[in-house]
file upload-v9.tsv (TSV, C-alpha atoms and all ligand atoms)
chain	number	residue	atom	x	y	z
A	72	MET	CA	125.98	-141.70	74.36
A	73	SER	CA	126.93	-140.04	71.11
A	74	ALA	CA	127.64	-136.35	70.72
A	75	ARG	CA	127.53	-136.56	66.96
A	76	PRO	CA	125.07	-134.40	65.06
A	77	VAL	CA	122.08	-136.06	63.46
A	78	GLN	CA	122.80	-136.44	59.76
A	79	THR	CA	120.38	-137.00	56.92
A	80	LEU	CA	122.03	-139.27	54.42
A	81	ARG	CA	121.04	-140.85	51.17
A	82	GLY	CA	121.95	-144.32	50.13
A	83	SER	CA	121.50	-146.54	47.15
A	84	CYS	CA	122.29	-149.95	45.77
A	85	HIS	CA	124.95	-150.22	43.07
A	86	CYS	CA	122.74	-149.79	40.01
A	87	GLY	CA	120.73	-146.99	41.64
A	88	ALA	CA	117.32	-148.64	41.34
A	89	VAL	CA	116.96	-148.73	45.13
A	90	ARG	CA	117.36	-145.36	46.83
A	91	PHE	CA	116.67	-144.44	50.42
A	92	GLU	CA	117.27	-141.79	53.05
A	93	ILE	CA	118.02	-142.14	56.76
A	94	GLU	CA	118.50	-139.88	59.75
A	95	THR	CA	121.03	-140.96	62.34
A	96	ASP	CA	123.68	-139.64	64.70
A	97	PHE	CA	125.69	-142.87	64.28
A	98	PRO	CA	125.88	-143.97	67.93
A	99	GLU	CA	127.63	-147.12	66.74
A	100	LEU	CA	128.17	-149.41	63.81
A	101	THR	CA	127.69	-153.13	64.03
A	102	THR	CA	129.11	-156.14	62.37
A	103	CYS	CA	127.43	-159.48	62.90
A	104	ASP	CA	128.66	-163.04	62.83
A	105	CYS	CA	125.34	-164.65	61.85
A	106	SER	CA	125.28	-166.86	58.79
A	107	ILE	CA	124.00	-164.17	56.40
A	108	CYS	CA	125.84	-161.08	57.71
A	109	LYS	CA	129.11	-162.98	57.69
A	110	ARG	CA	128.65	-163.81	54.01
A	111	LYS	CA	127.67	-160.21	53.21
A	112	ASN	CA	130.57	-158.86	55.28
A	113	ALA	CA	127.96	-156.37	56.47
A	114	LEU	CA	128.80	-153.19	58.35
A	115	MET	CA	125.55	-151.69	59.59
A	116	VAL	CA	123.93	-148.84	61.45
A	117	LYS	CA	120.57	-149.38	63.14
A	118	VAL	CA	117.79	-146.88	62.50
A	119	HIS	CA	114.16	-146.83	63.61
A	120	GLU	CA	111.66	-147.17	60.77
A	121	SER	CA	110.49	-143.57	61.40
A	122	LYS	CA	114.01	-142.42	60.44
A	123	PHE	CA	114.01	-144.39	57.21
A	124	ARG	CA	112.42	-143.47	53.89
A	125	LEU	CA	112.49	-145.60	50.79
A	126	LEU	CA	112.76	-143.08	47.94
A	127	ALA	CA	112.71	-145.45	44.99
A	128	GLY	CA	112.97	-149.08	44.06
A	129	GLN	CA	110.25	-150.91	45.97
A	130	GLU	CA	109.67	-153.01	42.86
A	131	SER	CA	113.39	-153.78	42.55
A	132	LEU	CA	113.72	-155.20	46.06
A	133	THR	CA	113.70	-158.90	46.60
A	134	GLU	CA	113.15	-160.31	50.05
A	135	TYR	CA	114.98	-163.24	51.54
A	136	GLN	CA	114.00	-164.93	54.78
A	137	PHE	CA	115.42	-167.89	56.66
A	138	HIS	CA	115.53	-169.51	60.09
A	139	THR	CA	112.81	-167.86	62.26
A	140	LYS	CA	111.58	-165.83	59.25
A	141	THR	CA	111.33	-162.69	61.38
A	142	ALA	CA	114.15	-160.68	59.92
A	143	ARG	CA	113.52	-159.55	56.36
A	144	HIS	CA	116.65	-159.34	54.28
A	145	TYR	CA	116.31	-157.18	51.18
A	146	PHE	CA	118.51	-156.98	48.17
A	147	CYS	CA	118.32	-155.38	44.76
A	148	LYS	CA	117.24	-157.91	42.19
A	149	ILE	CA	119.10	-156.05	39.45
A	150	CYS	CA	122.57	-155.58	40.97
A	151	GLY	CA	122.37	-157.92	43.96
A	152	ILE	CA	123.46	-155.39	46.56
A	153	TYR	CA	122.14	-155.59	50.13
A	154	PRO	CA	121.05	-152.06	51.11
A	155	PHE	CA	119.12	-152.73	54.36
A	156	HIS	CA	117.15	-155.31	56.30
A	157	ARG	CA	114.45	-155.41	58.92
A	158	LYS	CA	115.86	-156.71	62.16
A	159	ARG	CA	114.77	-159.86	63.88
A	160	VAL	CA	114.94	-158.89	67.57
A	161	THR	CA	113.66	-155.35	66.94
A	162	PRO	CA	111.54	-155.57	63.75
A	163	ASP	CA	110.56	-151.87	63.86
A	164	ASN	CA	114.24	-151.11	63.24
A	165	LEU	CA	116.30	-151.51	60.13
A	166	GLY	CA	119.92	-152.40	59.72
A	167	ILE	CA	121.42	-150.19	57.04
A	168	ASN	CA	124.46	-151.15	54.99
A	169	VAL	CA	126.65	-148.11	55.72
A	170	ASN	CA	128.70	-148.79	52.60
A	171	CYS	CA	125.61	-147.89	50.55
A	172	LEU	CA	125.49	-144.39	52.09
A	173	GLU	CA	126.81	-141.31	50.31
A	174	GLY	CA	129.07	-138.98	52.26
A	175	ALA	CA	128.81	-140.69	55.64
A	176	ASP	CA	131.44	-139.44	58.08
A	177	LEU	CA	132.14	-142.53	60.13
A	178	ALA	CA	135.52	-141.59	61.57
A	179	GLY	CA	135.63	-142.51	65.23
A	180	VAL	CA	132.27	-144.27	65.32
A	181	PRO	CA	132.66	-147.34	67.52
A	182	VAL	CA	132.10	-150.70	65.89
A	183	ARG	CA	130.32	-153.36	67.92
A	184	GLN	CA	130.53	-157.01	67.07
A	185	ALA	CA	127.02	-158.46	67.41
A	186	VAL	CA	126.77	-162.14	68.13
A	187	GLY	CA	123.98	-163.17	65.80
A	188	ALA	CA	125.34	-166.67	65.44
A	189	ALA	CA	124.66	-167.36	69.12
A	190	MET	CA	120.99	-166.36	68.92
A	191	PRO	CA	118.65	-169.33	69.21
B	1	ZN	ZN	120.57	-152.28	42.28
call {"tool": "encode", "arguments": {"input": "upload-v9.tsv", "output": "structure tokens"}}
result
Amino acid sequence: MSARPVQTLRGSCHCGAVRFEIETDFPELTTCDCSICKRKNALMVKVHESKFRLLAGQESLTEYQFHTKTARHYFCKICGIYPFHRKRVTPDNLGINVNCLEGADLAGVPVRQAVGAAMP
């Protein structure tokens, strides 16, 4: 698939209360047309939970669930930014808001349109 090097990147919400680190080689980015991603205008990269570390801000995260209540959507209760969520179909993976990452080189990474709205 991807010939990109694995990068370790840090990310944060806007106010900086929530900080995290991921490892990924950015095989692809995804957008999603489900009811919540559409409203967030989310551009995401998927990482396994073993490649994700929450560095700070557990107490600043608020969780929002809807529909099947499998996916866990987190946002910062101070600044309201969505930094990541736990995915519904693959709950051991997280969707990361790539716009929260510092220094991500995303040039040439393919963007896939996921069809969340069509999921039952
Ligand atoms: Zn914040």
call {"tool": "residues_near_ligand", "arguments": {"input": "upload-v9.tsv", "ligand": "ligand ZN 1 (chain B)", "cutoff": "12 Å", "atoms": "all atoms listed in the file", "output": "VMD selection string"}}
result
chain A and resid 82 to 91 127 to 133 145 to 154 171
call {"tool": "residues_around", "arguments": {"input": "upload-v9.tsv", "residues": "A:Ala113", "least_positions_apart": "6", "cutoff": "12 Å", "atoms": "all atoms listed in the file", "output": "PyMOL selection string"}}
result
chain A and resi 100-107+144+152-156+166-171+182+184-185
call {"tool": "atom_distance", "arguments": {"input": "upload-v9.tsv", "atom1": "atom CA of A:Lys158", "atom2": "atom CA of A:Ala142"}}
result
4.9 Å
call {"tool": "closest_atom_pairs", "arguments": {"input": "upload-v9.tsv", "of": "stretch 84-142 of chain A", "to": "stretch 74-79 of chain A", "cutoff": "10 Å", "atoms": "only C-alpha atoms", "output": "JSON lines"}}
result
{"residue": "A:Glu92", "atom": "CA", "partner": "A:Thr79", "partner_atom": "CA", "distance": 6.9}
{"residue": "A:Ile93", "atom": "CA", "partner": "A:Thr79", "partner_atom": "CA", "distance": 5.7}
{"residue": "A:Glu94", "atom": "CA", "partner": "A:Thr79", "partner_atom": "CA", "distance": 4.5}
{"residue": "A:Thr95", "atom": "CA", "partner": "A:Val77", "partner_atom": "CA", "distance": 5.1}
{"residue": "A:Asp96", "atom": "CA", "partner": "A:Val77", "partner_atom": "CA", "distance": 4.1}
{"residue": "A:Phe97", "atom": "CA", "partner": "A:Arg75", "partner_atom": "CA", "distance": 7.1}
{"residue": "A:Pro98", "atom": "CA", "partner": "A:Arg75", "partner_atom": "CA", "distance": 7.7}
{"residue": "A:Lys122", "atom": "CA", "partner": "A:Thr79", "partner_atom": "CA", "distance": 9.1}
{"residue": "A:Phe123", "atom": "CA", "partner": "A:Thr79", "partner_atom": "CA", "distance": 9.8}
call {"tool": "atom_distance", "arguments": {"input": "upload-v9.tsv", "atom1": "atom CA of A:Glu99", "atom2": "atom CA of A:Val180"}}
result
5.6 Å
call {"tool": "atom_distance", "arguments": {"input": "upload-v9.tsv", "atom1": "atom CA of A:Ala175", "atom2": "atom CA of A:Arg110"}}
result
23.2 Å
call {"tool": "axis_aligned_box", "arguments": {"input": "upload-v9.tsv", "around": "stretch 87-92 of chain A", "padding_each_side": "3 Å", "output": "AutoDock Vina command-line options"}}
result
--center_x 118.7 --center_y -145.3 --center_z 47.2 --size_x 10.1 --size_y 12.9 --size_z 17.7
call {"tool": "residues_around", "arguments": {"input": "upload-v9.tsv", "residues": "A:Asn164", "least_positions_apart": "4", "cutoff": "8 Å", "atoms": "all atoms listed in the file", "output": "PDB file with C-alpha atoms, keeping the file's coordinate frame"}}
result
ATOM      1  CA  LYS A 117     120.570-149.380  63.140  1.00  0.00           C
ATOM      2  CA  VAL A 118     117.790-146.880  62.500  1.00  0.00           C
ATOM      3  CA  HIS A 119     114.160-146.830  63.610  1.00  0.00           C
ATOM      4  CA  GLU A 120     111.660-147.170  60.770  1.00  0.00           C
ATOM      5  CA  ARG A 157     114.450-155.410  58.920  1.00  0.00           C
ATOM      6  CA  LYS A 158     115.860-156.710  62.160  1.00  0.00           C
TER       7      LYS A 158
END
call {"tool": "decode", "arguments": {"input": "upload-v9.tsv", "residues": "stretch 127-141 of chain A", "atoms": "N, CA, C and O atoms", "output": "compact mmCIF listing (two decimals), in the first residue's frame"}}
result
# COMPACT_ATOMS: atom_id res chain seq x y z
N ALA A 127 -2.43 14.06 27.62
CA ALA A 127 -3.04 14.93 28.64
C ALA A 127 -4.48 15.19 28.28
O ALA A 127 -4.87 15.11 27.12
N GLY A 128 -5.29 15.46 29.28
CA GLY A 128 -6.62 15.98 29.02
C GLY A 128 -7.76 14.99 29.18
O GLY A 128 -8.88 15.31 28.78
N GLN A 129 -7.49 13.83 29.75
CA GLN A 129 -8.59 12.87 29.97
C GLN A 129 -9.79 13.55 30.62
O GLN A 129 -10.93 13.35 30.22
N GLU A 130 -9.51 14.41 31.61
CA GLU A 130 -10.60 15.04 32.36
C GLU A 130 -11.28 16.16 31.56
O GLU A 130 -12.35 16.61 31.94
N SER A 131 -10.66 16.57 30.46
CA SER A 131 -11.26 17.62 29.64
C SER A 131 -12.08 17.07 28.49
O SER A 131 -12.71 17.83 27.76
N LEU A 132 -12.06 15.74 28.31
CA LEU A 132 -12.79 15.14 27.20
C LEU A 132 -14.23 14.86 27.60
O LEU A 132 -14.50 14.33 28.67
N THR A 133 -15.11 15.22 26.73
CA THR A 133 -16.51 14.87 26.90
C THR A 133 -16.86 13.88 25.79
O THR A 133 -16.33 13.97 24.69
N GLU A 134 -17.72 12.94 26.13
CA GLU A 134 -18.05 11.89 25.19
C GLU A 134 -19.49 12.06 24.71
O GLU A 134 -20.37 12.37 25.51
N TYR A 135 -19.65 11.87 23.42
CA TYR A 135 -20.99 11.98 22.84
C TYR A 135 -21.28 10.70 22.07
O TYR A 135 -20.45 10.25 21.28
N GLN A 136 -22.44 10.11 22.32
CA GLN A 136 -22.81 8.91 21.60
C GLN A 136 -24.22 9.06 21.04
O GLN A 136 -25.07 9.73 21.63
N PHE A 137 -24.46 8.40 19.92
CA PHE A 137 -25.80 8.45 19.33
C PHE A 137 -26.02 7.18 18.52
O PHE A 137 -25.11 6.35 18.37
N HIS A 138 -27.20 7.01 18.00
CA HIS A 138 -27.55 5.91 17.11
C HIS A 138 -27.25 4.56 17.78
O HIS A 138 -27.87 4.25 18.80
N THR A 139 -26.29 3.76 17.29
CA THR A 139 -26.04 2.44 17.89
C THR A 139 -25.23 2.54 19.18
O THR A 139 -25.02 1.55 19.87
N LYS A 140 -24.72 3.72 19.51
CA LYS A 140 -23.94 3.95 20.72
C LYS A 140 -22.68 3.07 20.79
O LYS A 140 -22.24 2.69 21.86
N THR A 141 -22.13 2.75 19.63
CA THR A 141 -20.88 1.99 19.59
C THR A 141 -19.70 2.94 19.42
O THR A 141 -18.73 2.87 20.18
